[in-house]
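Structure file model_10.cif (mmCIF, C-alpha atoms) is printed below.
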```
data_input
loop_
_atom_site.label_atom_id
_atom_site.label_comp_id
_atom_site.auth_asym_id
_atom_site.auth_seq_id
_atom_site.Cartn_x
_atom_site.Cartn_y
_atom_site.Cartn_z
CA MET A 1 -11.18 -1.66 3.86
CA LYS A 2 -14.69 -0.60 5.01
CA LYS A 3 -16.23 -3.20 2.70
CA TYR A 4 -13.96 -5.86 4.15
CA LEU A 5 -14.85 -4.98 7.73
CA LEU A 6 -18.57 -4.82 6.96
CA LYS A 7 -18.43 -8.31 5.49
CA SER A 8 -16.46 -9.47 8.51
CA TRP A 9 -18.84 -8.06 11.15
CA PRO A 10 -20.14 -11.49 12.24
CA TYR A 11 -16.57 -12.45 13.13
CA ILE A 12 -15.46 -9.32 14.94
CA LEU A 13 -16.68 -10.37 18.39
CA THR A 14 -15.44 -13.91 17.83
CA GLY A 15 -12.11 -12.58 16.60
CA THR A 16 -11.66 -10.44 19.69
CA LEU A 17 -12.40 -13.41 21.95
CA VAL A 18 -9.95 -15.53 19.97
CA ILE A 19 -7.20 -12.97 20.47
CA LEU A 20 -7.91 -12.79 24.19
CA TYR A 21 -7.77 -16.56 24.38
CA LEU A 22 -4.55 -16.76 22.39
CA THR A 23 -2.97 -14.12 24.57
CA LEU A 24 -3.89 -15.92 27.77
CA ALA A 25 -2.74 -19.21 26.29
CA GLY A 26 0.66 -17.77 25.56
CA TYR A 27 0.48 -17.94 21.78
CA LEU A 28 1.01 -14.21 21.56
CA THR A 29 4.02 -13.00 23.49
CA LEU A 30 4.26 -9.30 24.29
CA THR A 31 7.59 -7.79 25.19
CA LEU A 32 6.43 -4.60 26.85
CA ASP A 33 8.19 -1.29 27.13
CA GLU A 34 9.70 -0.81 30.56
CA LYS A 35 7.44 2.16 31.21
CA LYS A 36 3.71 2.41 30.70
CA SER A 37 2.44 4.44 27.78
CA ASP A 38 0.23 6.65 29.97
CA ASP A 39 3.14 9.05 30.54
CA GLY A 40 2.31 10.95 27.38
CA ARG A 41 4.65 9.17 25.00
CA VAL A 42 3.56 7.76 21.65
CA SER A 43 3.00 4.02 21.98
CA LEU A 44 3.54 1.64 19.05
CA THR A 45 3.03 -2.12 18.77
CA ILE A 46 4.86 -4.15 16.14
CA ALA A 47 3.88 -7.76 15.37
CA VAL A 48 6.43 -10.27 14.06
CA PRO A 49 6.60 -14.08 13.78
CA SER A 50 8.12 -15.62 16.89
CA GLY A 51 11.69 -16.89 16.82
CA ILE A 52 14.29 -17.02 19.56
CA LYS A 53 17.18 -15.58 17.54
CA THR A 54 15.20 -13.15 15.41
CA ALA A 55 13.32 -11.84 18.45
CA ALA A 56 16.63 -10.91 20.04
CA ILE A 57 17.59 -8.95 16.92
CA TYR A 58 14.25 -7.13 16.88
CA ARG A 59 14.59 -6.28 20.59
CA GLU A 60 18.08 -4.86 20.09
CA LYS A 61 16.91 -2.71 17.19
CA ILE A 62 13.95 -1.47 19.24
CA ARG A 63 16.30 -0.69 22.15
CA GLN A 64 18.48 1.39 19.82
CA PHE A 65 15.42 3.08 18.34
CA ARG A 66 14.05 4.03 21.76
CA LYS A 67 17.39 5.48 22.74
CA LYS A 68 17.28 7.78 19.71
CA ASN A 69 13.52 8.38 20.04
CA PRO A 70 12.74 8.66 23.77
CA ASP A 71 9.31 10.08 22.93
CA ILE A 72 8.19 6.75 21.43
CA SER A 73 7.32 3.60 23.35
CA VAL A 74 7.47 0.30 21.44
CA ARG A 75 5.98 -3.09 22.22
CA LEU A 76 7.19 -6.18 20.38
CA MET A 77 4.44 -8.74 19.78
CA GLU A 78 5.74 -12.18 18.86
CA ILE A 79 3.16 -14.42 17.23
CA SER A 80 3.79 -18.15 17.10
CA GLY A 81 2.05 -20.25 14.46
CA GLY A 82 -0.49 -19.03 11.93
CA PHE A 83 0.93 -15.51 11.86
CA TYR A 84 -1.15 -14.20 8.97
CA ASN A 85 -4.44 -15.64 10.20
CA LYS A 86 -3.95 -14.23 13.68
CA VAL A 87 -3.12 -10.78 12.33
CA LEU A 88 -6.24 -10.90 10.14
CA VAL A 89 -8.31 -11.70 13.22
CA MET A 90 -6.78 -8.75 15.04
CA ILE A 91 -7.60 -6.44 12.14
CA ALA A 92 -11.19 -7.70 12.01
CA GLY A 93 -11.41 -7.25 15.78
CA ASN A 94 -10.16 -3.66 15.48
CA ILE A 95 -7.09 -4.35 17.60
CA ALA A 96 -4.46 -4.40 14.85
CA PRO A 97 -0.81 -3.62 15.65
CA ASP A 98 0.64 -0.36 14.35
CA LEU A 99 3.27 -2.19 12.34
CA MET A 100 3.42 -5.79 11.19
CA TRP A 101 5.85 -8.13 9.50
CA MET A 102 4.86 -9.16 5.98
CA GLY A 103 6.25 -11.78 3.65
CA GLN A 104 4.61 -13.78 0.90
CA SER A 105 1.03 -12.93 1.94
CA PHE A 106 1.57 -9.17 1.69
CA SER A 107 -0.86 -8.77 -1.21
CA GLU A 108 -3.67 -10.51 0.67
CA PHE A 109 -3.55 -7.69 3.20
CA ALA A 110 -2.70 -4.89 0.78
CA ASP A 111 -5.68 -5.74 -1.43
CA ARG A 112 -7.92 -5.11 1.57
CA GLY A 113 -6.46 -1.65 2.07
CA VAL A 114 -4.72 -2.59 5.30
CA PHE A 115 -1.41 -0.76 4.82
CA LEU A 116 -0.29 2.84 4.78
CA ASP A 117 0.99 4.18 1.47
CA ILE A 118 4.54 5.42 2.15
CA SER A 119 5.35 6.60 -1.38
CA ASP A 120 5.32 10.31 -0.50
CA ARG A 121 7.49 9.73 2.56
CA ILE A 122 10.05 7.84 0.47
CA LYS A 123 10.11 10.67 -2.07
CA LYS A 124 10.24 13.42 0.56
CA GLU A 125 13.26 11.88 2.28
CA ASN A 126 15.03 11.05 -0.97
CA ILE A 127 15.43 7.38 -0.09
CA ASP A 128 17.55 5.75 -2.77
CA LEU A 129 15.48 2.81 -4.02
CA LYS A 130 18.30 1.75 -6.33
CA LYS A 131 20.05 0.29 -3.28
CA TYR A 132 17.40 -2.43 -3.08
CA ASN A 133 17.03 -5.62 -5.04
CA ASN A 134 14.42 -4.48 -7.55
CA LYS A 135 12.47 -7.75 -7.74
CA ILE A 136 12.09 -7.81 -3.97
CA LEU A 137 11.31 -4.10 -3.67
CA ASN A 138 8.53 -4.42 -6.26
CA LEU A 139 6.82 -7.08 -4.16
CA TYR A 140 5.69 -4.23 -1.90
CA ARG A 141 4.54 -1.96 -4.69
CA ILE A 142 0.99 -1.88 -6.06
CA LYS A 143 0.04 0.44 -8.92
CA ASN A 144 3.22 2.49 -8.43
CA LYS A 145 2.55 2.97 -4.72
CA TYR A 146 4.94 1.62 -2.10
CA TYR A 147 3.65 0.07 1.10
CA SER A 148 6.97 -0.92 2.63
CA LEU A 149 10.71 -1.18 2.18
CA PRO A 150 11.96 -4.78 2.45
CA PHE A 151 14.75 -5.68 4.84
CA GLY A 152 15.39 -9.27 3.79
CA ILE A 153 15.32 -11.82 0.98
CA ASP A 154 14.46 -15.47 1.44
CA ALA A 155 15.88 -17.76 -1.23
CA SER A 156 16.67 -21.37 -2.01
CA PHE A 157 19.98 -22.94 -2.99
CA PHE A 158 21.69 -26.31 -3.23
CA ALA A 159 23.84 -27.76 -0.47
CA TYR A 160 26.18 -30.72 -1.02
CA ASN A 161 28.42 -32.92 1.12
CA ARG A 162 31.98 -32.37 -0.10
CA LYS A 163 33.26 -35.45 1.74
CA ILE A 164 30.91 -37.74 -0.19
CA PHE A 165 31.96 -36.14 -3.48
CA LYS A 166 35.63 -36.66 -2.60
CA GLU A 167 35.13 -40.30 -1.64
CA ALA A 168 33.21 -40.97 -4.86
CA GLY A 169 35.86 -39.18 -6.95
CA ILE A 170 33.24 -36.87 -8.46
CA PRO A 171 34.01 -33.21 -9.32
CA TYR A 172 32.19 -30.63 -7.23
CA PRO A 173 29.25 -29.05 -9.07
CA GLU A 174 29.86 -25.75 -10.81
CA ASP A 175 27.42 -22.90 -10.24
CA ASN A 176 26.39 -23.07 -13.90
CA TRP A 177 25.78 -26.82 -14.07
CA ASP A 178 22.87 -28.14 -16.13
CA PHE A 179 20.39 -30.97 -15.69
CA ALA A 180 22.45 -33.48 -17.67
CA THR A 181 25.43 -32.89 -15.38
CA PHE A 182 23.20 -33.07 -12.32
CA LEU A 183 21.69 -36.37 -13.46
CA LYS A 184 25.10 -37.92 -14.15
CA THR A 185 26.40 -36.70 -10.80
CA ALA A 186 23.35 -37.95 -8.91
CA GLN A 187 23.61 -41.40 -10.48
CA ALA A 188 27.24 -41.65 -9.40
CA LEU A 189 26.47 -40.52 -5.85
CA THR A 190 23.63 -42.97 -5.18
CA LYS A 191 24.98 -45.83 -3.05
CA ARG A 192 23.64 -49.38 -2.72
CA ASP A 193 24.59 -52.30 -0.48
CA ALA A 194 25.39 -55.84 -1.62
CA SER A 195 21.70 -56.72 -1.89
CA GLY A 196 20.96 -53.71 -4.05
CA GLU A 197 19.19 -51.74 -1.35
CA ILE A 198 19.84 -48.01 -1.49
CA THR A 199 21.81 -46.84 1.53
CA ARG A 200 22.42 -43.30 0.32
CA TYR A 201 20.32 -41.22 -2.02
CA ALA A 202 21.94 -38.60 -4.18
CA TYR A 203 19.41 -35.89 -3.51
CA ARG A 204 16.38 -34.93 -1.49
CA GLY A 205 14.13 -31.91 -1.83
CA GLY A 206 13.08 -31.93 -5.48
CA LEU A 207 14.05 -29.61 -8.30
CA SER A 208 11.98 -26.43 -8.02
CA VAL A 209 9.56 -24.99 -10.57
CA GLU A 210 11.83 -22.00 -11.18
CA VAL A 211 14.52 -23.92 -13.10
CA PHE A 212 11.83 -25.30 -15.41
CA GLY A 213 10.57 -21.81 -16.26
CA ALA A 214 7.25 -22.69 -14.63
CA SER A 215 5.07 -20.59 -12.34
CA VAL A 216 1.74 -21.15 -10.64
CA PHE A 217 0.69 -17.62 -11.61
CA ASP A 218 1.68 -15.29 -14.42
CA PRO A 219 3.95 -12.61 -12.89
CA LYS A 220 2.38 -9.84 -14.98
CA THR A 221 -1.32 -10.71 -15.07
CA GLY A 222 -1.70 -12.87 -11.97
CA LYS A 223 -3.65 -15.46 -13.98
CA VAL A 224 -3.35 -19.13 -13.12
CA THR A 225 -0.58 -20.77 -15.18
CA CYS A 226 -0.13 -24.08 -13.39
CA ASN A 227 -1.26 -26.15 -16.39
CA THR A 228 1.60 -25.48 -18.82
CA PRO A 229 4.16 -27.73 -20.54
CA GLU A 230 6.85 -26.29 -18.23
CA MET A 231 4.87 -27.21 -15.12
CA ILE A 232 4.08 -30.70 -16.46
CA ASN A 233 7.79 -31.16 -17.13
CA TYR A 234 8.54 -30.05 -13.56
CA PHE A 235 6.34 -32.78 -12.12
CA GLN A 236 7.37 -35.49 -14.58
CA THR A 237 11.10 -34.85 -14.13
CA ASN A 238 10.83 -35.02 -10.35
CA LEU A 239 8.77 -38.20 -10.63
CA ASP A 240 11.43 -39.69 -12.89
CA LEU A 241 14.17 -38.81 -10.41
CA THR A 242 12.22 -40.75 -7.79
CA TYR A 243 10.73 -43.74 -9.59
CA LYS A 244 12.68 -44.13 -12.84
CA TYR A 245 16.21 -43.26 -11.78
CA LYS A 246 15.72 -43.88 -8.03
CA LEU A 247 17.99 -41.00 -7.11
CA THR A 248 15.74 -39.44 -4.49
CA PRO A 249 13.51 -41.14 -1.91
CA THR A 250 9.80 -41.70 -2.46
CA PRO A 251 7.32 -39.79 -0.26
CA GLU A 252 6.93 -42.94 1.84
CA GLU A 253 10.69 -43.32 2.25
CA GLN A 254 11.01 -39.64 3.15
CA ALA A 255 8.40 -40.14 5.84
CA SER A 256 10.40 -43.04 7.27
CA GLN A 257 13.58 -40.92 7.18
CA GLY A 258 11.80 -38.07 8.94
CA SER A 259 11.11 -34.52 7.85
CA ASP A 260 14.46 -33.19 9.05
CA LEU A 261 16.47 -32.62 5.87
CA LEU A 262 19.48 -31.29 7.75
CA ALA A 263 19.68 -34.41 9.92
CA ALA A 264 19.54 -36.70 6.87
CA PHE A 265 22.18 -34.54 5.18
CA LYS A 266 24.54 -34.61 8.16
CA GLN A 267 24.09 -38.35 8.65
CA GLY A 268 25.13 -38.97 5.04
CA LYS A 269 21.76 -40.44 4.03
CA VAL A 270 21.65 -37.94 1.16
CA ALA A 271 24.55 -36.26 -0.64
CA MET A 272 22.70 -33.13 -1.78
CA ILE A 273 19.66 -31.24 -0.50
CA ILE A 274 17.69 -28.14 -1.25
CA MET A 275 18.14 -25.57 1.52
CA TYR A 276 16.50 -22.25 2.33
CA THR A 277 17.89 -19.09 3.88
CA MET A 278 15.30 -19.18 6.66
CA ARG A 279 16.99 -22.40 7.86
CA TRP A 280 20.48 -20.90 7.85
CA ASN A 281 20.59 -20.33 11.60
CA ARG A 282 20.10 -24.01 12.30
CA ALA A 283 22.26 -25.16 9.39
CA PHE A 284 25.27 -23.06 10.42
CA ASP A 285 25.00 -24.40 13.96
CA MET A 286 24.24 -28.03 13.15
CA LEU A 287 26.70 -28.44 10.27
CA HIS A 288 29.60 -26.42 11.70
CA ASP A 289 31.85 -29.50 11.84
CA MET A 290 30.83 -30.81 8.42
CA ASP A 291 32.59 -30.23 5.09
CA TRP A 292 29.75 -28.89 2.96
CA ALA A 293 29.25 -26.27 0.28
CA MET A 294 26.62 -24.26 -1.54
CA THR A 295 25.79 -23.91 -5.22
CA LEU A 296 22.94 -22.95 -7.52
CA ALA A 297 20.18 -25.31 -8.57
CA PRO A 298 20.99 -27.00 -11.89
CA LYS A 299 19.62 -25.37 -15.00
CA VAL A 300 16.81 -27.17 -16.82
CA LYS A 301 15.19 -24.51 -18.99
CA GLN A 302 16.77 -21.63 -17.10
CA GLN A 303 18.72 -20.80 -13.97
CA GLY A 304 16.40 -19.68 -11.23
CA GLN A 305 15.99 -19.69 -7.48
CA TRP A 306 12.80 -19.63 -5.44
CA ALA A 307 12.50 -16.38 -3.51
CA SER A 308 10.36 -14.56 -1.00
CA SER A 309 10.91 -11.52 1.19
CA ALA A 310 10.48 -9.85 4.56
CA ALA A 311 9.38 -6.32 5.39
CA ILE A 312 7.61 -4.28 8.04
CA CYS A 313 4.38 -2.56 6.97
CA ILE A 314 2.44 0.22 8.72
CA TYR A 315 -1.23 -0.28 9.52
CA ARG A 316 -3.25 2.34 7.64
CA LYS A 317 -5.32 3.21 10.71
CA THR A 318 -2.44 3.65 13.13
CA LYS A 319 -2.84 6.71 15.34
CA TYR A 320 0.83 7.52 14.93
CA PRO A 321 1.85 7.26 11.25
CA ASP A 322 4.88 9.56 11.63
CA ALA A 323 6.29 7.62 14.56
CA ALA A 324 5.56 4.32 12.81
CA TRP A 325 7.44 5.58 9.75
CA ARG A 326 10.44 6.42 11.88
CA LEU A 327 10.39 2.90 13.31
CA LEU A 328 9.98 1.29 9.88
CA LYS A 329 13.02 3.19 8.60
CA SER A 330 15.15 1.83 11.40
CA PHE A 331 14.80 -1.67 9.92
CA GLN A 332 16.61 -0.41 6.83
CA ASP A 333 19.78 0.25 8.84
CA SER A 334 22.85 -1.81 7.98
CA ASP A 335 23.24 -3.18 11.52
CA PHE A 336 19.74 -4.69 11.48
CA GLN A 337 19.89 -6.17 8.00
CA LEU A 338 23.35 -7.64 8.61
CA ALA A 339 22.23 -9.06 11.95
CA MET A 340 19.32 -10.72 10.15
CA SER A 341 21.67 -12.13 7.48
CA SER A 342 22.08 -15.31 9.51
CA ARG A 343 18.51 -16.05 8.40
CA ARG A 344 17.99 -14.13 5.16
CA ILE A 345 19.88 -12.10 2.58
CA PRO A 346 19.84 -8.30 3.05
CA ALA A 347 17.38 -6.52 0.75
CA ARG A 348 19.91 -3.74 0.28
CA LYS A 349 22.36 -4.73 -2.45
CA ASP A 350 25.16 -2.66 -0.93
CA LEU A 351 25.16 -4.83 2.20
CA ILE A 352 25.67 -8.19 0.49
CA PRO A 353 29.48 -7.83 0.13
CA GLU A 354 29.66 -7.16 3.88
CA MET A 355 27.44 -10.17 4.56
CA LEU A 356 29.79 -12.41 2.59
CA LYS A 357 32.62 -11.57 5.01
CA ALA A 358 30.89 -13.46 7.83
CA LYS A 359 33.00 -16.22 9.42
CA ASP A 360 32.09 -19.89 9.81
CA ARG A 361 30.16 -20.09 6.56
CA PRO A 362 30.14 -23.05 4.13
CA VAL A 363 32.42 -23.29 1.12
CA ASN A 364 31.23 -21.18 -1.82
CA PHE A 365 29.04 -18.99 0.37
CA LYS A 366 29.82 -16.26 -2.15
CA VAL A 367 27.29 -17.92 -4.48
CA VAL A 368 24.74 -15.74 -2.68
CA SER A 369 25.81 -12.87 -4.94
CA LYS A 370 24.68 -15.00 -7.91
CA VAL A 371 21.48 -16.18 -6.24
CA VAL A 372 20.13 -12.65 -5.91
CA LYS A 373 20.47 -12.10 -9.66
CA ILE A 374 18.18 -15.00 -10.60
CA LEU A 375 15.37 -14.73 -8.08
CA TYR A 376 11.86 -15.78 -9.04
CA PRO A 377 9.45 -14.79 -6.24
CA THR A 378 5.97 -16.27 -6.23
CA PRO A 379 3.72 -13.59 -7.76
CA ARG A 380 1.74 -11.76 -5.08
CA VAL A 381 -1.86 -12.44 -6.07
CA PRO A 382 -5.08 -12.05 -4.02
CA HIS A 383 -5.90 -15.03 -1.76
CA LEU A 384 -2.43 -16.46 -2.36
CA GLN A 385 -2.36 -18.77 0.66
CA GLU A 386 -5.65 -20.45 -0.19
CA LEU A 387 -4.75 -20.83 -3.86
CA MET A 388 -1.29 -22.22 -3.08
CA ALA A 389 -2.92 -24.71 -0.73
CA VAL A 390 -4.91 -25.99 -3.73
CA PHE A 391 -1.72 -26.29 -5.79
CA SER A 392 0.04 -28.12 -2.95
CA ARG A 393 -2.87 -30.54 -2.56
CA PHE A 394 -2.87 -31.51 -6.23
CA GLY A 395 0.94 -31.55 -6.27
CA GLY A 396 0.83 -34.04 -3.42
CA LYS A 397 -1.52 -36.29 -5.37
CA ILE A 398 0.83 -36.18 -8.36
CA PHE A 399 3.93 -36.99 -6.33
CA THR A 400 2.16 -39.93 -4.67
CA ARG A 401 1.02 -41.03 -8.16
CA GLN A 402 -2.69 -40.72 -7.47
CA LEU A 403 -2.91 -38.42 -10.48
CA SER A 404 -0.75 -37.95 -13.55
CA PRO A 405 0.90 -34.53 -13.98
CA THR A 406 -1.40 -33.73 -16.91
CA GLN A 407 -4.59 -34.73 -15.12
CA GLY A 408 -3.53 -33.21 -11.81
CA MET A 409 -2.67 -29.80 -13.21
CA ALA A 410 -5.81 -29.68 -15.38
CA GLU A 411 -7.95 -30.31 -12.30
CA CYS A 412 -5.85 -27.89 -10.24
CA GLU A 413 -6.26 -25.13 -12.82
CA ALA A 414 -10.02 -25.65 -12.93
CA GLU A 415 -10.41 -25.54 -9.14
CA MET A 416 -8.19 -22.50 -8.71
CA ASN A 417 -10.13 -20.59 -11.36
CA ARG A 418 -13.42 -21.58 -9.71
CA ARG A 419 -12.17 -20.20 -6.43
CA ILE A 420 -10.95 -16.98 -8.02
CA LYS A 421 -14.37 -16.51 -9.64
CA LYS A 422 -16.06 -17.05 -6.28
CA PHE A 423 -13.69 -14.58 -4.58
CA LYS A 424 -14.62 -11.92 -7.11
CA GLU A 425 -18.34 -12.60 -6.74
CA ASN A 426 -18.11 -12.27 -2.96
CA GLU A 427 -16.27 -8.98 -3.26
CA LYS A 428 -19.03 -7.34 -5.31
#
```

What does this structure look like when you write it as structure tokens?
Amino acid sequence: MKKYLLKSWPYILTGTLVILYLTLAGYLTLTLDEKKSDDGRVSLTIAVPSGIKTAAIYREKIRQFRKKNPDISVRLMEISGGFYNKVLVMIAGNIAPDLMWMGQSFSEFADRGVFLDISDRIKKENIDLKKYNNKILNLYRIKNKYYSLPFGIDASFFAYNRKIFKEAGIPYPEDNWDFATFLKTAQALTKRDASGEITRYAYRGGLSVEVFGASVFDPKTGKVTCNTPEMINYFQTNLDLTYKYKLTPTPEEQASQGSDLLAAFKQGKVAMIIMYTMRWNRAFDMLHDMDWAMTLAPKVKQQGQWASSAAICIYRKTKYPDAAWRLLKSFQDSDFQLAMSSRRIPARKDLIPEMLKAKDRPVNFKVVSKVVKILYPTPRVPHLQELMAVFSRFGGKIFTRQLSPTQGMAECEAEMNRRIKKFKENEK
């Protein structure tokens, strides 16, 4: 951590000024404790991404926590846009929050020594780690040390319009369907007018790398693995769905349709879409009067679902580690994780059956219990955001046919490895 701050010293003053500016501009929203912290109480600040519905859940949990812990004052800091970058600036400016939300970029912070090791606290209080989804729990473990306990799982799944299936006389997809069945179904669902113009595409969103057995990084070693036969197949198959079979819109057609997948889905412009748990809030509201259902992505090489996670981590330099630990534990409570289940799946396995009892959910919502068994989170490697930006850039060139899958992934692999080499040189 010292090495990181020493290398960042030219940016510390700038970072502080940026935070002041962002605060005044309203990009950082502080929900302050009703009383000032100069009355002798411990004062904690927790930073989370902004969100109207999630903020209300955080506030309620903090209210309950304060009631049980009157000696601790808590401020909720909501950060809109560029969450990770703004937190990094705060750390460099020596004004980091005591606790902070962490998802896919956890390792980028952990590798800099930002977080408090809570392994001994977990052991001392006999917290049963078997209650957690192991793949998600391990995302917050480095060299057998735990730096948080997750409260939520983000995942992908398929959504389909049951009305369109009925009208086309096509059986609803089974949770164990394969690519051949998907292709046959998609061909039957695609609708054209008298002139041959497509008026309804079968699918939009692309088949994800997980079902192809592909990964940008090796889960065990962290090495770049974007240039593999599985990854090439991922790109080529999705290109074929677009240009050969014409079952999904081209990038240009998607742009003309707009970026709102849910709107296109509700309007019947597409029969099936890929959907993510973090969009559940809006989907449940927007599609409440629509006959739709959920299922797993079709198997190509394997069954698999994209996954990420959510947790609260403690800043290593907090003045109040014991109080921060008490607050972190409160986010493991069933009421909080179930309240958050309108946006993500609870990290505690024992809470999923309760989650499935929720009303006003789509048909086959129970598929969530299968999703959590085939999760494939993106490996948490150093500089993940920057490296994934490289992959996305080359992926974009492939999908717009500027580069072939083979050429694009060869160039992507070379650039990512160059960057990793440079990262390591700068860290010496």

For the structure provided, state which residues fall under the PyMOL selection byres ((chain A and resi 147-160) around 7), and present them as number ranges by chain.
A: 115-118, 137, 140-141, 145-146, 161-162, 271-278, 292-297, 305-313, 331-332, 337, 344-347

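Taking only C-alpha atoms, the non-local environment of Phe336 of chain A within 9 Å (same-chain residues fewer than 2 positions away omitted) comprises Ile57, Tyr58, Glu60, Lys61, Phe151, Ser330, Phe331, Gln332, Asp333, Ser334, Leu338, Ala339, Met340 and Ser341 of chain A.
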
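Here atom CA of Lys130 of chain A stands at a distance of 24.9 Å from atom CA of Phe65 of chain A.
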
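With all atoms listed in the file as the atoms that count, the residue of A:Leu99, A:Ile352, A:Met286, A:Val372 with the shortest distance to Gln303 of chain A is A:Val372.
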
Where does the PyMOL selection byres ((chain A and resi 264) around 12) land in this file, that is, which residues does it pick, as a count of residues only?
33

Apply the PyMOL selection byres ((chain A and resi 213) around 10) to the displayed file and report the matching residues as a PyMOL selection string.
chain A and resi 208-212+214-215+229-231+233-234+299-304+376

What does the distance between atom CA of Thr228 of chain A and atom CA of Phe399 of chain A come to in Å, to one decimal place?
17.1 Å

Just how far from atom CA of Phe235 of chain A is atom CA of Ile398 of chain A, in Å to one decimal?
7.5 Å

List the neighbours of Thr225 of chain A out to 6 Å using all atoms listed in the file; skip same-chain residues closer than 3 positions along the sequence, and give me the result as a ChimeraX atom specification.
/A:216-218

Keeping only C-alpha atoms, write the selected residues as a PDB file, in the coordinates of the input.
```pdb
ATOM      1  CA  VAL A 216       1.740 -21.150 -10.640  1.00  0.00           C
ATOM      2  CA  PHE A 217       0.690 -17.620 -11.610  1.00  0.00           C
ATOM      3  CA  ASP A 218       1.680 -15.290 -14.420  1.00  0.00           C
TER       4      ASP A 218
END
```

Could you pull the residues within 12 Å of Lys397 of chain A, counting all atoms listed in the file, minus those fewer than 3 positions along the same chain, as a ChimeraX atom specification?
/A:235,239,251,390-394,400-409,411-412

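Restricting the calculation to only C-alpha atoms, the smallest distance between Val367 of chain A and any of A:Asn69, A:Asn144, A:Asn176, A:Thr318 is found for A:Asn176.
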
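Using all atoms listed in the file, the nearest neighbour of Asp360 of chain A within the list A:Asp289, A:Glu174, A:Asp322, A:Asp98 is A:Asp289.
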
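Closest approach to Leu384 of chain A from the set A:Asn133, A:Ser105, A:Asn94, A:Ser73 is made by A:Ser105, with distances taken over only C-alpha atoms.
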
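Nearest residue to Ala410 of chain A, choosing from A:Ile127, A:Thr181, A:Asn227, A:Ser342 and counting all atoms listed in the file: A:Asn227.
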
10 Å contact set for Arg59 of chain A, only C-alpha atoms, chain neighbours under 6 positions out, as a ChimeraX atom specification
/A:31,65,74-76

Could you give me, as a Markdown table, every segment 93-142 of chain A residue with an atom at most 12 Å from segment 48-56 of chain A, plus its closest atom pair and distance in Å to one decimal, counting all atoms listed in the file, rows ordered by chain then number?
```
| residue | atom | partner | partner_atom | distance |
| --- | --- | --- | --- | --- |
| A:Pro97 | CA | A:Val48 | CA | 10.0 |
| A:Asp98 | CA | A:Val48 | CA | 11.5 |
| A:Leu99 | CA | A:Val48 | CA | 8.8 |
| A:Met100 | CA | A:Val48 | CA | 6.1 |
| A:Trp101 | CA | A:Val48 | CA | 5.1 |
| A:Met102 | CA | A:Val48 | CA | 8.3 |
| A:Gly103 | CA | A:Pro49 | CA | 10.4 |
```

Adding 4 Å on each side of the box along x, y and z that holds all listed atoms of segment 93-111 of chain A, could you give its centre and edge lengths in Å to one decimal, as lines of an AutoDock Vina configuration file?
```
center_x = -2.6
center_y = -7.1
center_z = 8.1
size_x = 25.7
size_y = 21.4
size_z = 27.0
```

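Closest approach to Ala110 of chain A from the set A:Gly222, A:Asp335, A:Met355, A:Arg316 is made by A:Arg316, with distances taken over all atoms listed in the file.
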